[in-house]
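Trainee: See input.pdb below, with PDB, C-alpha atoms, pLDDT in the B column.
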```
ATOM      1  CA  MET A   1      89.458 104.087 126.510  1.00 69.00           C
ATOM      2  CA  ILE A   2      93.002 103.752 125.150  1.00 82.00           C
ATOM      3  CA  LYS A   3      95.705 104.791 127.576  1.00 84.00           C
ATOM      4  CA  PRO A   4      98.169 107.349 126.177  1.00 85.00           C
ATOM      5  CA  GLU A   5     101.079 105.001 126.951  1.00 89.00           C
ATOM      6  CA  LEU A   6      99.500 102.302 124.787  1.00 88.00           C
ATOM      7  CA  LEU A   7      98.728 104.729 121.976  1.00 88.00           C
ATOM      8  CA  ASP A   8     102.376 105.821 122.005  1.00 91.00           C
ATOM      9  CA  ILE A   9     103.553 102.292 121.153  1.00 93.00           C
ATOM     10  CA  LEU A  10     100.753 101.232 118.791  1.00 95.00           C
ATOM     11  CA  CYS A  11     101.124 101.686 115.052  1.00 96.00           C
ATOM     12  CA  CYS A  12      99.430 100.459 111.917  1.00 97.00           C
ATOM     13  CA  PRO A  13     100.399  96.789 111.469  1.00 97.00           C
ATOM     14  CA  GLU A  14     100.622  97.266 107.701  1.00 97.00           C
ATOM     15  CA  THR A  15     102.456 100.575 107.231  1.00 97.00           C
ATOM     16  CA  LYS A  16     103.760 101.316 110.739  1.00 97.00           C
ATOM     17  CA  GLN A  17     102.127 104.771 110.595  1.00 97.00           C
ATOM     18  CA  ASP A  18     101.071 106.475 113.805  1.00 96.00           C
ATOM     19  CA  LEU A  19      97.483 106.145 115.017  1.00 97.00           C
ATOM     20  CA  THR A  20      95.136 108.702 116.553  1.00 96.00           C
ATOM     21  CA  VAL A  21      91.924 108.208 118.475  1.00 96.00           C
ATOM     22  CA  ALA A  22      88.766 108.744 116.406  1.00 96.00           C
ATOM     23  CA  ASP A  23      86.387 111.396 117.662  1.00 95.00           C
ATOM     24  CA  ALA A  24      82.896 110.576 118.902  1.00 96.00           C
ATOM     25  CA  SER A  25      81.139 111.992 115.828  1.00 95.00           C
ATOM     26  CA  LEU A  26      83.002 109.604 113.511  1.00 96.00           C
ATOM     27  CA  ILE A  27      82.259 106.611 115.753  1.00 97.00           C
ATOM     28  CA  GLU A  28      78.582 107.610 115.801  1.00 97.00           C
ATOM     29  CA  LYS A  29      78.526 107.844 111.988  1.00 96.00           C
ATOM     30  CA  LEU A  30      80.227 104.458 111.631  1.00 97.00           C
ATOM     31  CA  ASN A  31      77.785 102.854 114.082  1.00 97.00           C
ATOM     32  CA  GLN A  32      74.869 104.258 112.068  1.00 97.00           C
ATOM     33  CA  LYS A  33      76.336 102.645 108.951  1.00 96.00           C
ATOM     34  CA  ILE A  34      76.859  99.376 110.866  1.00 97.00           C
ATOM     35  CA  GLU A  35      73.234  99.425 111.984  1.00 97.00           C
ATOM     36  CA  LYS A  36      72.146  99.769 108.334  1.00 97.00           C
ATOM     37  CA  ARG A  37      74.609  97.052 107.256  1.00 97.00           C
ATOM     38  CA  GLU A  38      76.402  99.596 105.024  1.00 96.00           C
ATOM     39  CA  LEU A  39      79.922  99.326 106.462  1.00 97.00           C
ATOM     40  CA  LYS A  40      82.466  96.842 105.206  1.00 97.00           C
ATOM     41  CA  THR A  41      85.941  95.853 106.323  1.00 98.00           C
ATOM     42  CA  ARG A  42      88.952  96.133 104.094  1.00 97.00           C
ATOM     43  CA  LYS A  43      88.409  92.468 103.223  1.00 97.00           C
ATOM     44  CA  GLY A  44      84.885  93.298 102.022  1.00 97.00           C
ATOM     45  CA  GLU A  45      82.976  91.684 104.877  1.00 97.00           C
ATOM     46  CA  THR A  46      79.984  93.524 106.356  1.00 98.00           C
ATOM     47  CA  VAL A  47      80.609  94.883 109.851  1.00 97.00           C
ATOM     48  CA  THR A  48      77.791  93.657 112.104  1.00 97.00           C
ATOM     49  CA  GLN A  49      79.014  94.565 115.595  1.00 96.00           C
ATOM     50  CA  LYS A  50      78.965  98.201 116.746  1.00 97.00           C
ATOM     51  CA  ILE A  51      82.264  99.734 117.797  1.00 97.00           C
ATOM     52  CA  GLU A  52      82.999 101.739 120.930  1.00 96.00           C
ATOM     53  CA  GLY A  53      85.957 103.592 119.475  1.00 97.00           C
ATOM     54  CA  GLY A  54      88.626 103.488 116.834  1.00 97.00           C
ATOM     55  CA  LEU A  55      92.202 104.273 115.918  1.00 97.00           C
ATOM     56  CA  ILE A  56      92.773 106.149 112.670  1.00 97.00           C
ATOM     57  CA  ARG A  57      95.914 105.607 110.624  1.00 97.00           C
ATOM     58  CA  ALA A  58      97.944 108.798 110.037  1.00 97.00           C
ATOM     59  CA  ASP A  59      97.019 108.928 106.329  1.00 96.00           C
ATOM     60  CA  LYS A  60      93.326 108.700 107.356  1.00 96.00           C
ATOM     61  CA  GLN A  61      92.703 105.790 104.996  1.00 97.00           C
ATOM     62  CA  PHE A  62      91.725 103.166 107.600  1.00 98.00           C
ATOM     63  CA  LEU A  63      90.305 102.848 111.096  1.00 98.00           C
ATOM     64  CA  TYR A  64      91.030  99.987 113.487  1.00 98.00           C
ATOM     65  CA  ALA A  65      87.948  99.356 115.615  1.00 98.00           C
ATOM     66  CA  ILE A  66      88.028  99.215 119.406  1.00 96.00           C
ATOM     67  CA  ARG A  67      85.757  96.642 121.036  1.00 94.00           C
ATOM     68  CA  SER A  68      85.694  95.858 124.762  1.00 92.00           C
ATOM     69  CA  ASN A  69      88.549  98.377 125.184  1.00 90.00           C
ATOM     70  CA  ILE A  70      90.752  96.285 122.873  1.00 92.00           C
ATOM     71  CA  PRO A  71      91.933  97.628 119.500  1.00 95.00           C
ATOM     72  CA  VAL A  72      91.404  95.111 116.694  1.00 96.00           C
ATOM     73  CA  MET A  73      94.715  95.538 114.886  1.00 97.00           C
ATOM     74  CA  LEU A  74      94.133  93.090 112.042  1.00 98.00           C
ATOM     75  CA  ILE A  75      94.808  94.447 108.547  1.00 98.00           C
ATOM     76  CA  ASP A  76      91.811  92.675 106.960  1.00 98.00           C
ATOM     77  CA  GLU A  77      89.489  93.948 109.723  1.00 97.00           C
ATOM     78  CA  ALA A  78      90.419  97.614 109.183  1.00 98.00           C
ATOM     79  CA  ILE A  79      87.557  99.863 108.094  1.00 98.00           C
ATOM     80  CA  PRO A  80      88.224 101.970 104.984  1.00 97.00           C
ATOM     81  CA  LEU A  81      87.471 105.644 105.619  1.00 97.00           C
ATOM     82  CA  ILE A  82      87.459 106.878 102.023  1.00 91.00           C
ATOM     83  CA  GLY A  83      84.260 108.874 101.580  1.00 86.00           C
ATOM     84  CA  ILE A  84      83.277 108.566 105.233  1.00 87.00           C
ATOM     85  CA  LEU A  85      85.449 111.243 106.844  1.00 76.00           C
ATOM     86  CA  SER A  86      83.916 113.884 104.583  1.00 68.00           C
ATOM     87  CA  LEU A  87      80.474 113.002 106.010  1.00 58.00           C
ATOM     88  CA  VAL A  88      81.473 113.819 109.596  1.00 53.00           C
TER
END
```
Just dump the structure as structure tokens.

Mentor:
Amino acid sequence: MIKPELLDILCCPETKQDLTVADASLIEKLNQKIEKRELKTRKGETVTQKIEGGLIRADKQFLYAIRSNIPVMLIDEAIPLIGILSLV
């Protein structure tokens, strides 16, 4: 997954907050929502591709998906976590 050295230098591209690795239960919940076409990006687009991991912004508002071991650090592609974290 994400090497600790990489995680140490990565930050949210919008706010510069620290990021933490999402746990497996959250990724599973997000992938279930993706499968049902219920998950949208910050831009409002439906997420169609499952994720293998994610990086959560320190304020827990957004997750940056990890696909093919690469974090997708685009602000518009971030996944809002409001209402989702409480379900895990």

Trainee: In terms of the shortest atom-to-atom distance over only C-alpha atoms, which of A:Val72, A:Ile84, A:Leu7, A:Val21 is closest to A:Lys33?

Mentor: A:Ile84

Trainee: If the PyMOL selection byres ((chain A and resi 14) around 12) is run on the structure shown, which residues does it catch, given as a list in words?

Mentor: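 Residues picked by the PyMOL selection byres ((chain A and resi 14) around 12): Leu10, Cys11, Cys12, Pro13, Thr15, Lys16, Gln17, Asp18, Leu19, Arg57, Gln61, Phe62, Tyr64, Met73, Leu74, Ile75, Asp76, Glu77 and Ala78 of chain A.
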
Trainee: Go ahead and save the picked residues with C-alpha atoms, as a PDB file, in the frame of the given file.

Mentor:
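So part.pdb came out as:
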```pdb
ATOM      1  CA  LEU A  10     100.753 101.232 118.791  1.00 95.00           C
ATOM      2  CA  CYS A  11     101.124 101.686 115.052  1.00 96.00           C
ATOM      3  CA  CYS A  12      99.430 100.459 111.917  1.00 97.00           C
ATOM      4  CA  PRO A  13     100.399  96.789 111.469  1.00 97.00           C
ATOM      5  CA  THR A  15     102.456 100.575 107.231  1.00 97.00           C
ATOM      6  CA  LYS A  16     103.760 101.316 110.739  1.00 97.00           C
ATOM      7  CA  GLN A  17     102.127 104.771 110.595  1.00 97.00           C
ATOM      8  CA  ASP A  18     101.071 106.475 113.805  1.00 96.00           C
ATOM      9  CA  LEU A  19      97.483 106.145 115.017  1.00 97.00           C
ATOM     10  CA  ARG A  57      95.914 105.607 110.624  1.00 97.00           C
ATOM     11  CA  GLN A  61      92.703 105.790 104.996  1.00 97.00           C
ATOM     12  CA  PHE A  62      91.725 103.166 107.600  1.00 98.00           C
ATOM     13  CA  TYR A  64      91.030  99.987 113.487  1.00 98.00           C
ATOM     14  CA  MET A  73      94.715  95.538 114.886  1.00 97.00           C
ATOM     15  CA  LEU A  74      94.133  93.090 112.042  1.00 98.00           C
ATOM     16  CA  ILE A  75      94.808  94.447 108.547  1.00 98.00           C
ATOM     17  CA  ASP A  76      91.811  92.675 106.960  1.00 98.00           C
ATOM     18  CA  GLU A  77      89.489  93.948 109.723  1.00 97.00           C
ATOM     19  CA  ALA A  78      90.419  97.614 109.183  1.00 98.00           C
TER      20      ALA A  78
END
```

Trainee: Using Å and a single decimal, report how far atom CA of A:Glu38 sits from atom CA of A:Leu55.

Mentor: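 Those two atoms sit 19.8 Å apart.
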
Trainee: Nearest to A:Ile70: which of A:Ile51, A:Gly83, A:Ala58, A:Asp23 is it, counting only C-alpha atoms?

Mentor: A:Ile51

Trainee: Using all atoms listed in the file, which of A:Leu26, A:Asp8, A:Asn31, A:Leu63 sits nearest A:Thr48?

Mentor: A:Asn31

Trainee: Atom CA of A:Ile79 to atom CA of A:Leu30: how many Å, to one decimal?

Mentor: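 Computing it gives 9.3 Å between the two atoms.
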
Trainee: Can you tell me how far atom CA of A:Pro80 sits from atom CA of A:Glu52, in Å to one decimal?

Mentor: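 Here the two named atoms are 16.8 Å from each other.
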
Trainee: Looking at A:Ser68, A:Gly54, A:Ile82, A:Lys60, which one is nearest to A:Ile27, with distances taken over all atoms listed in the file?

Mentor: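 Looking only at the distances to A:Ile27, the closest residue turns out to be A:Gly54.
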
Trainee: Hey, can I get the axis-aligned box for stretch 62-78 of chain A? All listed atoms, 4 Å padding on each side, centre and edge lengths in Å to one decimal, as AutoDock Vina command-line options.

Mentor:
```
--center_x 90.3 --center_y 97.9 --center_z 116.1 --size_x 17.1 --size_y 18.5 --size_z 26.2
```

Trainee: Since the input has fewer atoms than a full residue there, write stretch 32-45 of chain A out with N, CA and C atoms, as a PDB file, keeping the file's coordinate frame.

Mentor:
```
ATOM      1  N   GLN A  32      76.095 104.122 112.851  1.00 97.00           N
ATOM      2  CA  GLN A  32      74.869 104.258 112.068  1.00 97.00           C
ATOM      3  C   GLN A  32      74.964 103.419 110.799  1.00 97.00           C
ATOM      4  N   LYS A  33      76.125 103.446 110.153  1.00 96.00           N
ATOM      5  CA  LYS A  33      76.336 102.645 108.951  1.00 96.00           C
ATOM      6  C   LYS A  33      76.320 101.147 109.285  1.00 96.00           C
ATOM      7  N   ILE A  34      76.871 100.775 110.434  1.00 97.00           N
ATOM      8  CA  ILE A  34      76.859  99.376 110.866  1.00 97.00           C
ATOM      9  C   ILE A  34      75.420  98.917 111.074  1.00 97.00           C
ATOM     10  N   GLU A  35      74.633  99.755 111.718  1.00 97.00           N
ATOM     11  CA  GLU A  35      73.234  99.425 111.984  1.00 97.00           C
ATOM     12  C   GLU A  35      72.462  99.169 110.684  1.00 97.00           C
ATOM     13  N   LYS A  36      72.810  99.916 109.633  1.00 97.00           N
ATOM     14  CA  LYS A  36      72.146  99.769 108.334  1.00 97.00           C
ATOM     15  C   LYS A  36      72.813  98.709 107.452  1.00 97.00           C
ATOM     16  N   ARG A  37      73.846  98.066 108.003  1.00 97.00           N
ATOM     17  CA  ARG A  37      74.609  97.052 107.256  1.00 97.00           C
ATOM     18  C   ARG A  37      75.297  97.647 106.013  1.00 97.00           C
ATOM     19  N   GLU A  38      75.766  98.894 106.137  1.00 96.00           N
ATOM     20  CA  GLU A  38      76.402  99.596 105.024  1.00 96.00           C
ATOM     21  C   GLU A  38      77.919  99.708 105.160  1.00 96.00           C
ATOM     22  N   LEU A  39      78.486  99.177 106.228  1.00 97.00           N
ATOM     23  CA  LEU A  39      79.922  99.326 106.462  1.00 97.00           C
ATOM     24  C   LEU A  39      80.621  97.999 106.246  1.00 97.00           C
ATOM     25  N   LYS A  40      81.700  98.049 105.495  1.00 97.00           N
ATOM     26  CA  LYS A  40      82.466  96.842 105.206  1.00 97.00           C
ATOM     27  C   LYS A  40      83.907  96.996 105.689  1.00 97.00           C
ATOM     28  N   THR A  41      84.530  95.866 105.967  1.00 98.00           N
ATOM     29  CA  THR A  41      85.941  95.853 106.323  1.00 98.00           C
ATOM     30  C   THR A  41      86.767  95.958 105.049  1.00 98.00           C
ATOM     31  N   ARG A  42      88.028  96.093 105.225  1.00 97.00           N
ATOM     32  CA  ARG A  42      88.952  96.133 104.094  1.00 97.00           C
ATOM     33  C   ARG A  42      88.837  94.857 103.255  1.00 97.00           C
ATOM     34  N   LYS A  43      88.542  93.768 103.900  1.00 97.00           N
ATOM     35  CA  LYS A  43      88.409  92.468 103.223  1.00 97.00           C
ATOM     36  C   LYS A  43      87.084  92.362 102.460  1.00 97.00           C
ATOM     37  N   GLY A  44      86.164  93.301 102.713  1.00 97.00           N
ATOM     38  CA  GLY A  44      84.885  93.298 102.022  1.00 97.00           C
ATOM     39  C   GLY A  44      83.755  92.659 102.800  1.00 97.00           C
ATOM     40  N   GLU A  45      84.013  92.293 104.045  1.00 97.00           N
ATOM     41  CA  GLU A  45      82.976  91.684 104.877  1.00 97.00           C
ATOM     42  C   GLU A  45      82.167  92.775 105.573  1.00 97.00           C
TER      43      GLU A  45
END
```
